[in-house]
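**Q** Below you'll find the structure I mean.
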Amino acid sequence: MYEIDEICKKYYSTVFKYLMSLTSDTDISEELTQETFCIAIKEISKFKGKCALSTWLCVIAKHLYYNEIKKKTKFKVSEFNENDIQEISFEEKIILDEERIEVYKKLQDLDETTKNLIYLRLLGFSFKEISKILEKSESWCKVVYHRGKKKLEKILKGGITNEHK
């Protein structure tokens, strides 16, 4: 049904760019992209076509990324002293940045579509690229992004709680 080589050729760049937007690290993005396609190859029979194949692949990639973060955050911040901080990798410095963590926590309060669209935008994807990934119009992406950004600002200011989405 699905030709694996064609899928890899067609969507590798999309998945890699998506992961780059999440990680900002070429090596980790490359590794997670490869893992994404390994899982996709094994699980392709479970793909029912209810969403775009690119969306399904990006969801797999997102879950792999979340698992990667969980692995890296098992340590406790209080266990570090100033000398240790210089030895922390770029990704760990980002994770330790409390302000960024707070923004990403609050981003979780948005609906899945809006959250994914904002992630893609933060990663540097253009609205045109996002429209292809999500299989929506460019105008739709701009409107959802704008509304999501406004809602996120309200959430960050404490104006909207998770129950009032």
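Starting from 1 in every chain, residues are counted up; chains themselves are A, B, ... following the order of the structure tokens, and ligands are numbered from 1 as listed.
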For Thr36 in chain A, list every protein, DNA or RNA residue within 10 Å, evaluated using only C-alpha atoms, and leave out those in the same chain fewer than 5 positions away; present the list as a PyMOL selection string.
**A** chain A and resi 12+15-16+30-31+41+57-65
**Q** Quick one: everything within 9 Å of Leu22 in chain A, counting only C-alpha atoms, minus sequence neighbours fewer than 5 positions away in the same chain. Send it as a ChimeraX atom specification.
**A** /A:17,29,62,65,119-120,122-123
**Q** Applying 12 Å and only C-alpha atoms, which residues near Glu129 in chain A remain after dropping the ones on its own chain fewer than 4 positions away? List them as a PyMOL selection string.
**A** chain A and resi 13-15+17-18+54+117+120-121+123-125+133-138+141-142
**Q** Would you list the contacts of Glu43 in chain A as an mmCIF file with N, CA and C atoms, in the first residue's frame, taking every protein, DNA or RNA residue within 12 Å and counting only C-alpha atoms, but skipping same-chain residues closer than 2 positions in sequence?
**A**
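Done, and the output landed in selection_35.cif:
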data_model
loop_
_atom_site.group_PDB
_atom_site.id
_atom_site.type_symbol
_atom_site.label_atom_id
_atom_site.label_comp_id
_atom_site.auth_asym_id
_atom_site.auth_seq_id
_atom_site.Cartn_x
_atom_site.Cartn_y
_atom_site.Cartn_z
ATOM 1 N N TYR A 2 1.780 1.367 0.960
ATOM 2 C CA TYR A 2 2.671 2.521 1.045
ATOM 3 C C TYR A 2 4.085 2.091 0.676
ATOM 4 N N ILE A 4 7.724 2.552 1.172
ATOM 5 C CA ILE A 4 8.550 3.115 2.243
ATOM 6 C C ILE A 4 9.593 4.087 1.708
ATOM 7 N N THR A 36 11.946 8.263 13.944
ATOM 8 C CA THR A 36 10.568 8.458 13.484
ATOM 9 C C THR A 36 10.262 7.529 12.318
ATOM 10 N N PHE A 37 11.159 7.480 11.355
ATOM 11 C CA PHE A 37 10.908 6.644 10.178
ATOM 12 C C PHE A 37 11.040 5.156 10.503
ATOM 13 N N CYS A 38 11.883 4.798 11.458
ATOM 14 C CA CYS A 38 11.961 3.395 11.893
ATOM 15 C C CYS A 38 10.629 2.959 12.496
ATOM 16 N N ILE A 39 10.073 3.815 13.338
ATOM 17 C CA ILE A 39 8.772 3.506 13.947
ATOM 18 C C ILE A 39 7.686 3.483 12.875
ATOM 19 N N ALA A 40 7.727 4.463 11.971
ATOM 20 C CA ALA A 40 6.716 4.533 10.909
ATOM 21 C C ALA A 40 6.740 3.273 10.045
ATOM 22 N N ILE A 41 7.915 2.784 9.752
ATOM 23 C CA ILE A 41 8.036 1.566 8.938
ATOM 24 C C ILE A 41 7.386 0.387 9.661
ATOM 25 N N SER A 45 1.097 -0.114 9.129
ATOM 26 C CA SER A 45 -0.200 -0.794 9.012
ATOM 27 C C SER A 45 -1.258 -0.159 9.920
ATOM 28 N N LYS A 46 -0.817 0.574 10.940
ATOM 29 C CA LYS A 46 -1.746 1.235 11.859
ATOM 30 C C LYS A 46 -2.206 2.595 11.337
ATOM 31 N N PHE A 47 -1.547 3.102 10.293
ATOM 32 C CA PHE A 47 -1.945 4.382 9.715
ATOM 33 C C PHE A 47 -3.238 4.177 8.929
ATOM 34 N N LYS A 48 -4.287 4.852 9.367
ATOM 35 C CA LYS A 48 -5.616 4.667 8.775
ATOM 36 C C LYS A 48 -5.989 5.735 7.757
ATOM 37 N N TRP A 56 0.896 12.491 10.621
ATOM 38 C CA TRP A 56 1.122 11.271 11.387
ATOM 39 C C TRP A 56 2.601 11.134 11.735
ATOM 40 N N LEU A 57 3.468 11.390 10.763
ATOM 41 C CA LEU A 57 4.909 11.310 11.003
ATOM 42 C C LEU A 57 5.370 12.364 12.020
ATOM 43 N N ILE A 60 4.475 11.260 15.522
ATOM 44 C CA ILE A 60 5.459 10.276 15.998
ATOM 45 C C ILE A 60 6.718 11.013 16.449
#
**Q** Restricting the calculation to only C-alpha atoms, which member of A:Asp111, A:Asp5, A:Lys71, A:Gly158 is positioned closest to Tyr145 in chain A?
**A**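 The closest residue to Tyr145 in chain A is A:Asp111.
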**Q** At what distance in Å, to one decimal, does CA of Glu153 in chain A lie from CA of Tyr104 in chain A?
**A** 12.0 Å
